[in-house]
Amino acid sequence: MENKKDALRTIVPAVSVKDSGKEIILEAEMPGLKREDIAIEIEGDGLKIHGKKNNCAAPEGYRTIWSERCGYEYSRSFILTEEVNREKVQAKYADGLLTLTIPKSEHAAPRKIAIQ
Amino acid sequence: MKLVPWRETRRDACDPFRELENIQREMNQLFNFSLDRWDEKPYGILESAWSPAIDVFDSKDNILVKADIPGMKKEDIEVSVHGDTLSIKGEKKEEKEVKEKDFVKTERFYGSFTRSLRLPSEVDSEKVTATYKDGVLELTLAKREETKPKQIKIEIK
């Protein structure tokens, strides 16, 4: 059983998806994360991105007056409708954007089969 | 003159529309998906525009403000201070390098945004430093000398 007290709120990050035919480029808005708190999982045809943002402590010497940007996690799942080359998936984190470049599998391209 | 009990002021951070937006966001999360259709506006009915989430911290000498503004260019963010009011403005520009044949869907917000807030005390507009990293704008604002709380020593006779 999950401890409700420790459960973080989930925020669905806004994403943009670009499909060039050869690869899919997914950009998710997940600002203010440490790289080690970001997780990307591909399992079967499922793709999950995840980022924890639970450091609510005020910086040293400061006290918190107002807080909106902590105590939650970014989480989103997708279904890959095409076969992808999961070995060559690249991830980048810059300016608060998580960018995944997902190349499509070459053998996922439509192939004509001749009837013998 | 009247004496009123001191309490922490949250007058500006308390924005009723933000509360409604939060409810909408929570509803969206129930479905683990945005209720908004992808082909429509990336924001809902209640959100007339996007505005960044912020944190405000206070110390003896400074006020620290952090704002989540993902995917920006430094030069597109504008910060201004007037007395104890801080304004963060900016414009998120959409990349134009998209080719015709590319299939694109986006929920990300593009356009101009603004967020203003009343700071817990007046700051020196000359002494503001700003950094932008990992999509977070961090502002350190020095408090004005005359508004810092002063300790008055009272001699007990």
# chains A, B, ... in the order shown; residues from 1 in each chain; ligands from 1
>>> residues_around(residues="region 11-28 of chain A", least_positions_apart="4", cutoff="7 Å", atoms="only C-alpha atoms", output="NGL selection string")
(:A and (72-76 or 97-104)) or (:B and (29 or 32-33 or 102-108))
>>> closest_atom_pairs(of="region 21-77 of chain A", to="region 131-146 of chain B", cutoff="12 Å", atoms="only C-alpha atoms", output="CSV")
residue,atom,partner,partner_atom,distance
A:Ala28,CA,B:Gly135,CA,11.7
A:Glu29,CA,B:Gly135,CA,8.7
A:Met30,CA,B:Gly135,CA,8.0
A:Pro31,CA,B:Gly135,CA,4.8
A:Gly32,CA,B:Asp134,CA,5.4
A:Leu33,CA,B:Asp134,CA,7.2
A:Lys34,CA,B:Asp134,CA,8.6
A:Arg35,CA,B:Asp134,CA,9.8
A:Pro59,CA,B:Thr140,CA,11.9
A:Tyr62,CA,B:Thr140,CA,11.4
A:Arg69,CA,B:Val136,CA,10.2
>>> write_last_selection(atoms="N, CA, C and O atoms", output="PDB file, in the first residue's frame")
ATOM      1  N   ALA A  28       8.883  17.822 -23.536  1.00  0.00           N
ATOM      2  CA  ALA A  28       7.984  17.961 -22.387  1.00  0.00           C
ATOM      3  C   ALA A  28       8.479  19.088 -21.493  1.00  0.00           C
ATOM      4  O   ALA A  28       9.674  19.187 -21.222  1.00  0.00           O
ATOM      5  N   GLU A  29       7.555  19.922 -21.040  1.00  0.00           N
ATOM      6  CA  GLU A  29       7.909  21.043 -20.170  1.00  0.00           C
ATOM      7  C   GLU A  29       8.003  20.567 -18.729  1.00  0.00           C
ATOM      8  O   GLU A  29       6.997  20.305 -18.087  1.00  0.00           O
ATOM      9  N   MET A  30       9.213  20.423 -18.252  1.00  0.00           N
ATOM     10  CA  MET A  30       9.425  19.961 -16.878  1.00  0.00           C
ATOM     11  C   MET A  30      10.524  20.804 -16.234  1.00  0.00           C
ATOM     12  O   MET A  30      11.626  20.326 -15.995  1.00  0.00           O
ATOM     13  N   PRO A  31      10.226  22.080 -15.952  1.00  0.00           N
ATOM     14  CA  PRO A  31      11.285  22.966 -15.472  1.00  0.00           C
ATOM     15  C   PRO A  31      11.765  22.675 -14.052  1.00  0.00           C
ATOM     16  O   PRO A  31      11.018  22.123 -13.238  1.00  0.00           O
ATOM     17  N   GLY A  32      12.996  23.054 -13.804  1.00  0.00           N
ATOM     18  CA  GLY A  32      13.545  23.032 -12.447  1.00  0.00           C
ATOM     19  C   GLY A  32      13.835  21.669 -11.860  1.00  0.00           C
ATOM     20  O   GLY A  32      13.716  21.488 -10.651  1.00  0.00           O
ATOM     21  N   LEU A  33      14.191  20.716 -12.694  1.00  0.00           N
ATOM     22  CA  LEU A  33      14.492  19.378 -12.171  1.00  0.00           C
ATOM     23  C   LEU A  33      15.992  19.143 -12.175  1.00  0.00           C
ATOM     24  O   LEU A  33      16.728  19.731 -12.950  1.00  0.00           O
ATOM     25  N   LYS A  34      16.399  18.243 -11.294  1.00  0.00           N
ATOM     26  CA  LYS A  34      17.780  17.772 -11.353  1.00  0.00           C
ATOM     27  C   LYS A  34      17.770  16.603 -12.315  1.00  0.00           C
ATOM     28  O   LYS A  34      16.803  15.843 -12.362  1.00  0.00           O
ATOM     29  N   ARG A  35      18.875  16.469 -13.037  1.00  0.00           N
ATOM     30  CA  ARG A  35      18.917  15.396 -14.027  1.00  0.00           C
ATOM     31  C   ARG A  35      18.668  14.017 -13.404  1.00  0.00           C
ATOM     32  O   ARG A  35      18.021  13.171 -13.994  1.00  0.00           O
ATOM     33  N   PRO A  59      15.952  27.907   0.547  1.00  0.00           N
ATOM     34  CA  PRO A  59      17.410  27.981   0.536  1.00  0.00           C
ATOM     35  C   PRO A  59      17.911  28.479   1.897  1.00  0.00           C
ATOM     36  O   PRO A  59      17.165  29.147   2.619  1.00  0.00           O
ATOM     37  N   TYR A  62      16.870  31.627   4.201  1.00  0.00           N
ATOM     38  CA  TYR A  62      15.579  32.163   3.746  1.00  0.00           C
ATOM     39  C   TYR A  62      14.430  31.416   4.414  1.00  0.00           C
ATOM     40  O   TYR A  62      14.577  30.278   4.832  1.00  0.00           O
ATOM     41  N   ARG A  69       5.845  25.799  -6.584  1.00  0.00           N
ATOM     42  CA  ARG A  69       6.587  24.986  -7.540  1.00  0.00           C
ATOM     43  C   ARG A  69       7.381  23.852  -6.886  1.00  0.00           C
ATOM     44  O   ARG A  69       8.511  23.601  -7.240  1.00  0.00           O
TER      45      ARG A  69
END
>>> atom_distance(atom1="CA of Asn62 (chain B)", atom2="CA of Glu78 (chain B)")
20.1 Å
>>> select_by_dssp(residues="region 44-74 of chain B", states="strand (DSSP E)", output="PyMOL selection string")
chain B and resi 54-58+62-68
>>> closest_residue(among="A:Glu36, A:Glu106, A:Glu41, A:Glu60", to="Val84 (chain A)", atoms="only C-alpha atoms")
A:Glu106
>>> residues_around(residues="Gly61 (chain A)", least_positions_apart="6", cutoff="12 Å", atoms="only C-alpha atoms", output="list in words")
Phe57, Asp58, Ser59, Lys60, Asp61, Asn62, Ile63 and Leu64 of chain B
>>> closest_residue(among="B:His82, B:Arg25, B:Arg18, B:Lys92", to="Arg9 (chain A)", atoms="only C-alpha atoms")
B:Arg25
>>> residues_around(residues="Asn55 (chain A)", least_positions_apart="2", cutoff="8 Å", atoms="only C-alpha atoms", output="list in words")
Lys53, Ala57, Cys70 and Gly71 of chain A
>>> residues_around(residues="Lys93 (chain B)", least_positions_apart="5", cutoff="8 Å", atoms="only C-alpha atoms", output="PyMOL selection string")
chain B and resi 72+110-111
>>> write_last_selection(atoms="N, CA, C and O atoms", output="mmCIF file, in the first residue's frame")
data_model
loop_
_atom_site.group_PDB
_atom_site.id
_atom_site.type_symbol
_atom_site.label_atom_id
_atom_site.label_comp_id
_atom_site.auth_asym_id
_atom_site.auth_seq_id
_atom_site.Cartn_x
_atom_site.Cartn_y
_atom_site.Cartn_z
ATOM 1 N N MET B 72 12.568 28.997 -22.647
ATOM 2 C CA MET B 72 12.648 30.413 -23.031
ATOM 3 C C MET B 72 14.063 30.769 -23.449
ATOM 4 O O MET B 72 15.023 30.103 -23.097
ATOM 5 N N TYR B 110 2.426 29.031 -26.173
ATOM 6 C CA TYR B 110 3.247 30.030 -26.863
ATOM 7 C C TYR B 110 2.510 31.360 -26.828
ATOM 8 O O TYR B 110 1.290 31.390 -26.882
ATOM 9 N N GLY B 111 3.254 32.423 -26.769
ATOM 10 C CA GLY B 111 2.643 33.744 -26.725
ATOM 11 C C GLY B 111 3.203 34.526 -25.559
ATOM 12 O O GLY B 111 4.183 34.110 -24.940
#
>>> closest_residue(among="B:Ser121, B:Ser87, B:Ser80, B:Ser112", to="chain A", atoms="only C-alpha atoms")
B:Ser121
>>> closest_residue(among="B:Glu122, B:Glu155, B:Asp68, B:Glu26", to="Asp84 (chain B)", atoms="only C-alpha atoms")
B:Glu122
>>> closest_residue(among="A:Glu87, A:Glu43, A:Glu68, A:Asp37", to="chain B", atoms="only C-alpha atoms")
A:Glu68
>>> closest_residue(among="A:Cys56, A:Ile42, A:Leu47, A:Leu80", to="chain B", atoms="only C-alpha atoms")
A:Cys56
